[in-house]
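**Q** Have a look at this one before I ask anything.
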Amino acid sequence: MIIKDENIFIDILINGKKFYKLNLREVEELLSEYKNIDLKSKEIVDIPNCFAYFCSDIENNEFICKIYKTSFGLDRWIMLMKDDYEGYALYENPENHEYELAWYHSSLEEPLDENEEKKRITCYIPSTNN
């Protein structure tokens, strides 16, 4: 599942300081300083004391913010993880340079088709109707 809607807003809590109603680009800008670490391919590490909440989520599900190094190249993505296995990857689409969220599960080696993905998603799915 790829989420590219400009109506996705996220609250970020870092070390007790809250940043309200950020769009995907603003989340990337806020957390980009944490991407400057040495990581091995497919390694994922926590951003200390950093949590995300989708503004559209009335249950206020908490996502742990992490950094992930991709298998190829030098890309590092911001991850919003429900747990150690499932969440969302925030990245810049190289074709249109817009920020997107993609559903992520650590057990997958390649993307699933949309129907299989829908069956496996257990975390909150952001609403695009804000």
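As shown in the structure tokens, the chain order sets the letters A, B, ...; within each chain, residues go from 1, and ligands are also counted from 1 in the order they appear.
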Env of range 107-110 of chain A: 12 Å cut, atoms = only C-alpha atoms, seq-sep filter 3 positions within chain, self excluded. Answer as a PyMOL selection string.
**A** chain A and resi 42+70-71+84-87+103-104+113+116-117+120
**Q** Which residues in chain A does DSSP call strand (DSSP E or B)? List them as a CSV table (one decimal) with all heavy atoms, in the first residue's frame.
**A**
chain,number,residue,atom,x,y,z
A,2,ILE,N,0.7,2.1,-1.0
A,2,ILE,CA,1.4,3.4,-1.1
A,2,ILE,C,0.4,4.5,-0.8
A,2,ILE,O,-0.7,4.5,-1.3
A,2,ILE,CB,2.0,3.6,-2.5
A,2,ILE,CG1,2.9,2.4,-3.0
A,2,ILE,CG2,2.7,4.9,-2.6
A,2,ILE,CD1,4.2,2.4,-2.3
A,3,ILE,N,0.8,5.3,0.1
A,3,ILE,CA,0.0,6.5,0.5
A,3,ILE,C,0.7,7.7,0.1
A,3,ILE,O,1.8,8.0,0.6
A,3,ILE,CB,-0.3,6.4,2.1
A,3,ILE,CG1,-1.0,5.1,2.5
A,3,ILE,CG2,-1.1,7.7,2.5
A,3,ILE,CD1,-1.0,4.9,4.0
A,10,ILE,N,0.7,14.1,10.6
A,10,ILE,CA,1.3,13.3,11.6
A,10,ILE,C,1.8,14.2,12.7
A,10,ILE,O,2.4,15.3,12.5
A,10,ILE,CB,2.5,12.5,11.1
A,10,ILE,CG1,2.0,11.5,10.0
A,10,ILE,CG2,3.2,11.7,12.2
A,10,ILE,CD1,3.2,10.8,9.2
A,11,ASP,N,1.6,13.8,14.0
A,11,ASP,CA,2.2,14.5,15.1
A,11,ASP,C,3.4,13.7,15.5
A,11,ASP,O,3.4,12.5,15.5
A,11,ASP,CB,1.2,14.5,16.3
A,11,ASP,CG,0.0,15.4,16.1
A,11,ASP,OD1,0.0,16.3,15.2
A,11,ASP,OD2,-1.0,15.2,16.8
A,12,ILE,N,4.5,14.4,15.8
A,12,ILE,CA,5.7,13.8,16.2
A,12,ILE,C,6.1,14.2,17.6
A,12,ILE,O,6.0,15.4,17.9
A,12,ILE,CB,6.9,14.1,15.3
A,12,ILE,CG1,6.6,13.7,13.8
A,12,ILE,CG2,8.2,13.6,15.8
A,12,ILE,CD1,6.7,12.2,13.6
A,13,LEU,N,6.5,13.3,18.5
A,13,LEU,CA,6.9,13.6,19.8
A,13,LEU,C,8.4,13.2,19.9
A,13,LEU,O,8.7,12.0,19.7
A,13,LEU,CB,6.1,12.8,20.8
A,13,LEU,CG,6.4,13.0,22.3
A,13,LEU,CD1,6.1,14.4,22.8
A,13,LEU,CD2,5.6,12.0,23.1
A,14,ILE,N,9.3,14.1,20.2
A,14,ILE,CA,10.7,13.9,20.3
A,14,ILE,C,11.2,14.4,21.6
A,14,ILE,O,11.1,15.6,21.9
A,14,ILE,CB,11.6,14.5,19.2
A,14,ILE,CG1,11.1,14.2,17.8
A,14,ILE,CG2,13.0,14.2,19.3
A,14,ILE,CD1,11.7,15.0,16.7
A,17,LYS,N,9.0,16.8,23.3
A,17,LYS,CA,8.5,18.0,22.6
A,17,LYS,C,7.7,17.5,21.4
A,17,LYS,O,8.1,16.7,20.7
A,17,LYS,CB,9.7,18.8,22.1
A,17,LYS,CG,9.3,20.1,21.4
A,17,LYS,CD,10.5,20.9,21.0
A,17,LYS,CE,10.1,22.2,20.3
A,17,LYS,NZ,11.2,23.0,19.9
A,18,LYS,N,6.5,18.1,21.3
A,18,LYS,CA,5.5,17.7,20.3
A,18,LYS,C,5.4,18.7,19.2
A,18,LYS,O,5.4,19.9,19.3
A,18,LYS,CB,4.1,17.5,21.0
A,18,LYS,CG,3.2,16.7,20.1
A,18,LYS,CD,2.0,16.2,20.9
A,18,LYS,CE,1.2,15.2,20.1
A,18,LYS,NZ,0.0,14.7,20.8
A,19,PHE,N,5.5,18.1,18.0
A,19,PHE,CA,5.3,18.8,16.7
A,19,PHE,C,4.0,18.4,16.1
A,19,PHE,O,3.8,17.2,15.8
A,19,PHE,CB,6.5,18.5,15.8
A,19,PHE,CG,7.8,18.9,16.4
A,19,PHE,CD1,8.5,18.0,17.2
A,19,PHE,CD2,8.4,20.2,16.1
A,19,PHE,CE1,9.7,18.4,17.7
A,19,PHE,CE2,9.6,20.5,16.6
A,19,PHE,CZ,10.3,19.6,17.5
A,20,TYR,N,3.1,19.4,15.9
A,20,TYR,CA,1.7,19.1,15.5
A,20,TYR,C,1.5,19.1,14.0
A,20,TYR,O,2.0,20.0,13.3
A,20,TYR,CB,0.8,20.0,16.2
A,20,TYR,CG,0.7,19.8,17.7
A,20,TYR,CD1,1.5,20.7,18.5
A,20,TYR,CD2,-0.1,18.9,18.3
A,20,TYR,CE1,1.4,20.5,19.9
A,20,TYR,CE2,-0.1,18.7,19.6
A,20,TYR,CZ,0.6,19.5,20.5
A,20,TYR,OH,0.6,19.4,21.8
A,21,LYS,N,0.6,18.2,13.5
A,21,LYS,CA,0.0,18.2,12.2
A,21,LYS,C,1.1,18.5,11.1
A,21,LYS,O,0.9,19.4,10.3
A,21,LYS,CB,-1.1,19.2,12.1
A,21,LYS,CG,-2.1,18.9,11.1
A,21,LYS,CD,-3.4,19.7,11.2
A,21,LYS,CE,-4.3,19.3,10.1
A,21,LYS,NZ,-5.5,20.1,10.0
A,22,LEU,N,2.1,17.7,11.0
A,22,LEU,CA,3.1,17.8,10.0
A,22,LEU,C,2.7,17.0,8.8
A,22,LEU,O,2.2,15.9,8.9
A,22,LEU,CB,4.5,17.2,10.5
A,22,LEU,CG,5.0,17.9,11.8
A,22,LEU,CD1,6.3,17.2,12.3
A,22,LEU,CD2,5.3,19.4,11.6
A,44,ILE,N,18.0,-1.5,10.7
A,44,ILE,CA,17.0,-0.6,11.2
A,44,ILE,C,17.3,-0.2,12.7
A,44,ILE,O,17.6,-1.1,13.5
A,44,ILE,CB,15.6,-1.1,11.0
A,44,ILE,CG1,14.5,-0.1,11.3
A,44,ILE,CG2,15.3,-2.3,11.9
A,44,ILE,CD1,13.1,-0.5,10.9
A,45,VAL,N,17.3,1.1,13.0
A,45,VAL,CA,17.6,1.5,14.4
A,45,VAL,C,16.6,2.5,14.8
A,45,VAL,O,16.1,3.3,14.0
A,45,VAL,CB,19.1,2.1,14.5
A,45,VAL,CG1,20.1,1.1,14.2
A,45,VAL,CG2,19.2,3.3,13.7
A,46,ASP,N,16.4,2.5,16.1
A,46,ASP,CA,15.4,3.5,16.7
A,46,ASP,C,16.0,4.9,16.7
A,46,ASP,O,17.2,5.1,16.9
A,46,ASP,CB,15.1,3.1,18.2
A,46,ASP,CG,14.3,1.9,18.4
A,46,ASP,OD1,13.9,1.3,17.4
A,46,ASP,OD2,14.1,1.5,19.5
A,47,ILE,N,15.1,5.9,16.5
A,47,ILE,CA,15.4,7.3,16.8
A,47,ILE,C,15.0,7.4,18.3
A,47,ILE,O,13.9,7.2,18.7
A,47,ILE,CB,14.6,8.2,16.0
A,47,ILE,CG1,14.9,8.1,14.5
A,47,ILE,CG2,14.8,9.7,16.4
A,47,ILE,CD1,14.1,8.9,13.6
A,48,PRO,N,16.0,7.7,19.2
A,48,PRO,CA,15.7,7.7,20.6
A,48,PRO,C,14.5,8.6,21.0
A,48,PRO,O,14.5,9.8,20.5
A,48,PRO,CB,17.0,8.2,21.3
A,48,PRO,CG,18.0,8.0,20.2
A,48,PRO,CD,17.3,8.1,18.9
A,49,ASN,N,13.6,8.1,21.8
A,49,ASN,CA,12.5,8.9,22.4
A,49,ASN,C,11.7,9.7,21.3
A,49,ASN,O,11.4,10.9,21.5
A,49,ASN,CB,13.1,9.9,23.4
A,49,ASN,CG,13.8,9.3,24.5
A,49,ASN,OD1,13.2,8.4,25.2
A,49,ASN,ND2,15.0,9.7,24.8
A,50,CYS,N,11.4,9.0,20.2
A,50,CYS,CA,10.7,9.6,19.1
A,50,CYS,C,9.5,8.7,18.7
A,50,CYS,O,9.7,7.5,18.4
A,50,CYS,CB,11.6,9.8,17.9
A,50,CYS,SG,10.9,10.7,16.6
A,51,PHE,N,8.3,9.3,18.7
A,51,PHE,CA,7.1,8.6,18.5
A,51,PHE,C,6.2,9.4,17.5
A,51,PHE,O,6.3,10.6,17.5
A,51,PHE,CB,6.3,8.3,19.7
A,51,PHE,CG,7.2,7.6,20.8
A,51,PHE,CD1,7.9,8.3,21.7
A,51,PHE,CD2,7.3,6.2,20.7
A,51,PHE,CE1,8.7,7.7,22.7
A,51,PHE,CE2,8.1,5.6,21.7
A,51,PHE,CZ,8.8,6.3,22.6
A,52,ALA,N,5.4,8.7,16.7
A,52,ALA,CA,4.6,9.4,15.7
A,52,ALA,C,3.1,8.9,15.9
A,52,ALA,O,2.9,7.8,16.4
A,52,ALA,CB,5.0,9.0,14.3
A,53,TYR,N,2.2,9.8,15.6
A,53,TYR,CA,0.8,9.6,15.8
A,53,TYR,C,0.1,10.2,14.5
A,53,TYR,O,0.3,11.4,14.2
A,53,TYR,CB,0.2,10.2,17.0
A,53,TYR,CG,1.0,9.8,18.3
A,53,TYR,CD1,2.1,10.5,18.6
A,53,TYR,CD2,0.6,8.7,19.0
A,53,TYR,CE1,2.8,10.2,19.8
A,53,TYR,CE2,1.3,8.4,20.2
A,53,TYR,CZ,2.4,9.1,20.5
A,53,TYR,OH,3.1,8.7,21.7
A,54,PHE,N,-0.7,9.4,13.8
A,54,PHE,CA,-1.5,9.9,12.7
A,54,PHE,C,-2.6,10.8,13.2
A,54,PHE,O,-3.4,10.4,14.1
A,54,PHE,CB,-2.0,8.8,11.8
A,54,PHE,CG,-0.9,8.1,11.0
A,54,PHE,CD1,-0.3,7.0,11.5
A,54,PHE,CD2,-0.4,8.7,9.8
A,54,PHE,CE1,0.7,6.3,10.8
A,54,PHE,CE2,0.6,8.1,9.1
A,54,PHE,CZ,1.1,6.9,9.6
A,63,PHE,N,3.4,5.0,16.9
A,63,PHE,CA,4.4,4.4,16.0
A,63,PHE,C,5.8,4.8,16.5
A,63,PHE,O,6.0,6.0,16.7
A,63,PHE,CB,4.1,4.8,14.6
A,63,PHE,CG,2.9,4.2,14.0
A,63,PHE,CD1,1.6,4.7,14.3
A,63,PHE,CD2,3.0,3.1,13.1
A,63,PHE,CE1,0.5,4.1,13.7
A,63,PHE,CE2,1.9,2.5,12.5
A,63,PHE,CZ,0.7,3.0,12.8
A,64,ILE,N,6.7,3.9,16.6
A,64,ILE,CA,8.0,4.2,17.0
A,64,ILE,C,8.8,4.7,15.7
A,64,ILE,O,8.7,4.1,14.7
A,64,ILE,CB,8.7,3.0,17.6
A,64,ILE,CG1,8.0,2.5,18.8
A,64,ILE,CG2,10.2,3.2,17.9
A,64,ILE,CD1,8.3,1.1,19.2
A,65,CYS,N,9.5,5.8,15.8
A,65,CYS,CA,10.3,6.3,14.7
A,65,CYS,C,11.7,5.6,14.6
A,65,CYS,O,12.4,5.5,15.6
A,65,CYS,CB,10.4,7.8,14.8
A,65,CYS,SG,8.9,8.7,14.9
A,66,LYS,N,12.0,5.2,13.4
A,66,LYS,CA,13.3,4.5,13.2
A,66,LYS,C,13.9,4.9,11.9
A,66,LYS,O,13.3,5.6,11.1
A,66,LYS,CB,13.0,3.0,13.2
A,66,LYS,CG,12.4,2.4,14.4
A,66,LYS,CD,12.2,0.9,14.3
A,66,LYS,CE,11.6,0.3,15.6
A,66,LYS,NZ,12.4,-0.7,16.2
A,67,ILE,N,15.1,4.5,11.7
A,67,ILE,CA,15.8,4.8,10.5
A,67,ILE,C,16.2,3.4,9.9
A,67,ILE,O,16.7,2.5,10.6
A,67,ILE,CB,17.1,5.6,10.7
A,67,ILE,CG1,16.8,7.0,11.3
A,67,ILE,CG2,17.9,5.8,9.4
A,67,ILE,CD1,15.9,7.9,10.5
A,68,TYR,N,16.0,3.3,8.6
A,68,TYR,CA,16.3,2.0,7.9
A,68,TYR,C,17.2,2.3,6.7
A,68,TYR,O,16.9,3.2,5.9
A,68,TYR,CB,15.0,1.4,7.4
A,68,TYR,CG,15.1,0.2,6.5
A,68,TYR,CD1,15.4,-1.0,7.0
A,68,TYR,CD2,14.8,0.3,5.1
A,68,TYR,CE1,15.4,-2.1,6.1
A,68,TYR,CE2,14.9,-0.7,4.3
A,68,TYR,CZ,15.2,-2.0,4.8
A,68,TYR,OH,15.3,-3.1,4.0
A,69,LYS,N,18.2,1.5,6.5
A,69,LYS,CA,19.0,1.6,5.3
A,69,LYS,C,18.6,0.6,4.3
A,69,LYS,O,18.4,-0.6,4.6
A,69,LYS,CB,20.5,1.4,5.6
A,69,LYS,CG,21.4,1.6,4.3
A,69,LYS,CD,22.8,1.5,4.6
A,69,LYS,CE,23.6,1.8,3.3
A,69,LYS,NZ,23.2,1.1,2.1
A,76,ARG,N,18.3,6.0,3.0
A,76,ARG,CA,17.9,5.8,4.3
A,76,ARG,C,16.5,6.3,4.4
A,76,ARG,O,16.2,7.4,4.0
A,76,ARG,CB,18.8,6.4,5.3
A,76,ARG,CG,20.1,5.8,5.5
A,76,ARG,CD,21.1,6.6,6.3
A,76,ARG,NE,22.3,5.9,6.6
A,76,ARG,CZ,23.3,5.9,5.7
A,76,ARG,NH1,23.2,6.5,4.6
A,76,ARG,NH2,24.4,5.2,6.0
A,77,TRP,N,15.6,5.5,5.0
A,77,TRP,CA,14.2,5.8,5.1
A,77,TRP,C,13.8,6.1,6.5
A,77,TRP,O,14.4,5.4,7.4
A,77,TRP,CB,13.3,4.7,4.6
A,77,TRP,CG,13.4,4.5,3.1
A,77,TRP,CD1,14.0,5.2,2.1
A,77,TRP,CD2,12.9,3.3,2.4
A,77,TRP,NE1,13.9,4.6,0.9
A,77,TRP,CE2,13.2,3.4,1.1
A,77,TRP,CE3,12.3,2.1,2.9
A,77,TRP,CZ2,12.9,2.4,0.1
A,77,TRP,CZ3,12.0,1.2,2.0
A,77,TRP,CH2,12.3,1.3,0.6
A,78,ILE,N,12.9,6.9,6.8
A,78,ILE,CA,12.3,7.1,8.1
A,78,ILE,C,11.2,6.0,8.2
A,78,ILE,O,10.3,5.9,7.3
A,78,ILE,CB,11.7,8.5,8.3
A,78,ILE,CG1,12.9,9.5,8.4
A,78,ILE,CG2,10.9,8.6,9.6
A,78,ILE,CD1,12.6,10.9,8.3
A,79,MET,N,11.2,5.3,9.3
A,79,MET,CA,10.2,4.3,9.5
A,79,MET,C,9.3,4.7,10.6
A,79,MET,O,9.8,5.1,11.7
A,79,MET,CB,10.9,2.9,9.8
A,79,MET,CG,11.9,2.5,8.8
A,79,MET,SD,11.3,2.2,7.1
A,79,MET,CE,10.4,0.7,7.4
A,80,LEU,N,8.0,4.4,10.5
A,80,LEU,CA,7.0,4.6,11.5
A,80,LEU,C,6.5,3.2,11.8
A,80,LEU,O,5.7,2.7,11.1
A,80,LEU,CB,5.9,5.6,11.1
A,80,LEU,CG,6.4,6.9,10.5
A,80,LEU,CD1,5.2,7.8,10.0
A,80,LEU,CD2,7.2,7.7,11.5
A,81,MET,N,7.0,2.7,12.9
A,81,MET,CA,6.7,1.2,13.1
A,81,MET,C,5.8,1.0,14.3
A,81,MET,O,6.0,1.5,15.4
A,81,MET,CB,8.1,0.5,13.4
A,81,MET,CG,9.1,0.6,12.3
A,81,MET,SD,8.5,-0.2,10.8
A,81,MET,CE,8.6,-1.9,11.3
A,86,GLU,N,6.1,-4.4,11.7
A,86,GLU,CA,5.1,-3.8,10.8
A,86,GLU,C,5.0,-2.3,11.0
A,86,GLU,O,5.1,-1.8,12.2
A,86,GLU,CB,3.8,-4.4,11.0
A,86,GLU,CG,2.7,-3.9,10.0
A,86,GLU,CD,1.3,-4.5,10.3
A,86,GLU,OE1,1.1,-5.1,11.3
A,86,GLU,OE2,0.5,-4.2,9.4
A,87,GLY,N,4.9,-1.6,9.9
A,87,GLY,CA,4.7,-0.1,10.0
A,87,GLY,C,4.7,0.5,8.6
A,87,GLY,O,4.3,-0.1,7.6
A,88,TYR,N,5.2,1.7,8.5
A,88,TYR,CA,5.3,2.4,7.3
A,88,TYR,C,6.7,3.0,7.0
A,88,TYR,O,7.4,3.4,8.0
A,88,TYR,CB,4.3,3.6,7.3
A,88,TYR,CG,2.9,3.1,7.3
A,88,TYR,CD1,2.2,3.1,8.6
A,88,TYR,CD2,2.2,2.7,6.2
A,88,TYR,CE1,0.9,2.6,8.6
A,88,TYR,CE2,0.9,2.3,6.3
A,88,TYR,CZ,0.2,2.2,7.5
A,88,TYR,OH,-1.0,1.8,7.5
A,89,ALA,N,7.1,3.0,5.8
A,89,ALA,CA,8.3,3.6,5.3
A,89,ALA,C,8.0,4.9,4.7
A,89,ALA,O,7.1,5.0,3.8
A,89,ALA,CB,9.1,2.7,4.3
A,90,LEU,N,8.7,6.0,5.2
A,90,LEU,CA,8.6,7.3,4.6
A,90,LEU,C,9.8,7.6,3.7
A,90,LEU,O,10.9,7.5,4.2
A,90,LEU,CB,8.5,8.4,5.7
A,90,LEU,CG,8.5,9.8,5.3
A,90,LEU,CD1,7.4,10.2,4.3
A,90,LEU,CD2,8.5,10.7,6.5
A,91,TYR,N,9.5,7.8,2.4
A,91,TYR,CA,10.6,8.0,1.5
A,91,TYR,C,10.2,9.0,0.4
A,91,TYR,O,9.0,9.3,0.2
A,91,TYR,CB,11.0,6.7,0.8
A,91,TYR,CG,9.9,6.1,0.0
A,91,TYR,CD1,9.8,6.3,-1.3
A,91,TYR,CD2,8.9,5.3,0.6
A,91,TYR,CE1,8.7,5.8,-2.1
A,91,TYR,CE2,7.8,4.8,-0.1
A,91,TYR,CZ,7.8,5.1,-1.5
A,91,TYR,OH,6.7,4.6,-2.2
A,92,GLU,N,11.2,9.5,-0.3
A,92,GLU,CA,11.0,10.4,-1.4
A,92,GLU,C,10.9,9.6,-2.7
A,92,GLU,O,11.8,8.8,-3.0
A,92,GLU,CB,12.1,11.4,-1.5
A,92,GLU,CG,11.8,12.5,-2.6
A,92,GLU,CD,12.9,13.5,-2.7
A,92,GLU,OE1,14.0,13.4,-2.0
A,92,GLU,OE2,12.7,14.5,-3.5
A,99,TYR,N,7.0,13.0,-1.2
A,99,TYR,CA,7.1,12.0,-0.1
A,99,TYR,C,5.9,11.1,-0.1
A,99,TYR,O,4.8,11.6,-0.3
A,99,TYR,CB,7.4,12.7,1.2
A,99,TYR,CG,8.8,13.3,1.2
A,99,TYR,CD1,9.1,14.6,0.8
A,99,TYR,CD2,9.9,12.5,1.6
A,99,TYR,CE1,10.4,15.1,0.8
A,99,TYR,CE2,11.2,12.9,1.6
A,99,TYR,CZ,11.4,14.2,1.2
A,99,TYR,OH,12.7,14.7,1.1
A,100,GLU,N,6.2,9.9,0.2
A,100,GLU,CA,5.1,8.9,0.3
A,100,GLU,C,5.3,8.0,1.5
A,100,GLU,O,6.5,7.8,2.0
A,100,GLU,CB,5.1,8.0,-1.0
A,100,GLU,CG,4.9,8.8,-2.3
A,100,GLU,CD,5.1,7.9,-3.5
A,100,GLU,OE1,5.6,6.8,-3.5
A,100,GLU,OE2,4.7,8.4,-4.6
A,101,LEU,N,4.3,7.3,1.9
A,101,LEU,CA,4.4,6.2,2.9
A,101,LEU,C,4.1,4.9,2.2
A,101,LEU,O,3.1,4.9,1.3
A,101,LEU,CB,3.3,6.4,4.0
A,101,LEU,CG,3.5,7.6,5.0
A,101,LEU,CD1,2.3,7.6,5.9
A,101,LEU,CD2,4.7,7.3,5.8
A,102,ALA,N,4.8,3.9,2.5
A,102,ALA,CA,4.5,2.6,2.0
A,102,ALA,C,4.4,1.6,3.2
A,102,ALA,O,5.3,1.7,4.1
A,102,ALA,CB,5.7,2.1,1.0
A,103,TRP,N,3.4,0.8,3.2
A,103,TRP,CA,3.3,-0.2,4.2
A,103,TRP,C,4.5,-1.1,4.2
A,103,TRP,O,5.0,-1.4,3.1
A,103,TRP,CB,2.0,-1.0,4.0
A,103,TRP,CG,1.9,-2.1,5.0
A,103,TRP,CD1,1.5,-2.0,6.4
A,103,TRP,CD2,2.0,-3.5,4.8
A,103,TRP,NE1,1.5,-3.2,7.0
A,103,TRP,CE2,1.8,-4.2,6.1
A,103,TRP,CE3,2.4,-4.3,3.7
A,103,TRP,CZ2,1.9,-5.5,6.2
A,103,TRP,CZ3,2.5,-5.7,3.9
A,103,TRP,CH2,2.2,-6.3,5.1
A,104,TYR,N,5.0,-1.5,5.3
A,104,TYR,CA,6.3,-2.3,5.4
A,104,TYR,C,6.1,-3.4,6.4
A,104,TYR,O,5.4,-3.2,7.5
A,104,TYR,CB,7.4,-1.3,5.9
A,104,TYR,CG,8.7,-2.1,6.3
A,104,TYR,CD1,9.6,-2.4,5.3
A,104,TYR,CD2,8.9,-2.4,7.6
A,104,TYR,CE1,10.8,-3.0,5.7
A,104,TYR,CE2,10.1,-3.1,8.0
A,104,TYR,CZ,11.0,-3.4,7.0
A,104,TYR,OH,12.1,-4.1,7.3
A,105,HIS,N,6.6,-4.5,6.1
A,105,HIS,CA,6.6,-5.7,7.0
A,105,HIS,C,8.0,-6.3,6.9
A,105,HIS,O,8.4,-6.6,5.8
A,105,HIS,CB,5.5,-6.7,6.7
A,105,HIS,CG,5.3,-7.6,7.9
A,105,HIS,ND1,6.2,-8.6,8.3
A,105,HIS,CD2,4.4,-7.6,8.9
A,105,HIS,CE1,5.7,-9.2,9.3
A,105,HIS,NE2,4.6,-8.6,9.8
**Q** Ranking A:Lys82, A:Lys35, A:Arg25, A:His97 by minimum distance to Ile125 in chain A and counting only C-alpha atoms, which one comes first?
**A**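 Using only C-alpha atoms, the shortest distance to Ile125 in chain A belongs to A:Lys82.
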**Q** Pick the closest to Tyr124 in chain A from A:Asp57, A:Glu29, A:Asp83, A:Glu98: which is it, counting only C-alpha atoms?
**A**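 Comparing A:Asp57, A:Glu29, A:Asp83, A:Glu98 against Tyr124 in chain A, the winner is A:Asp57.
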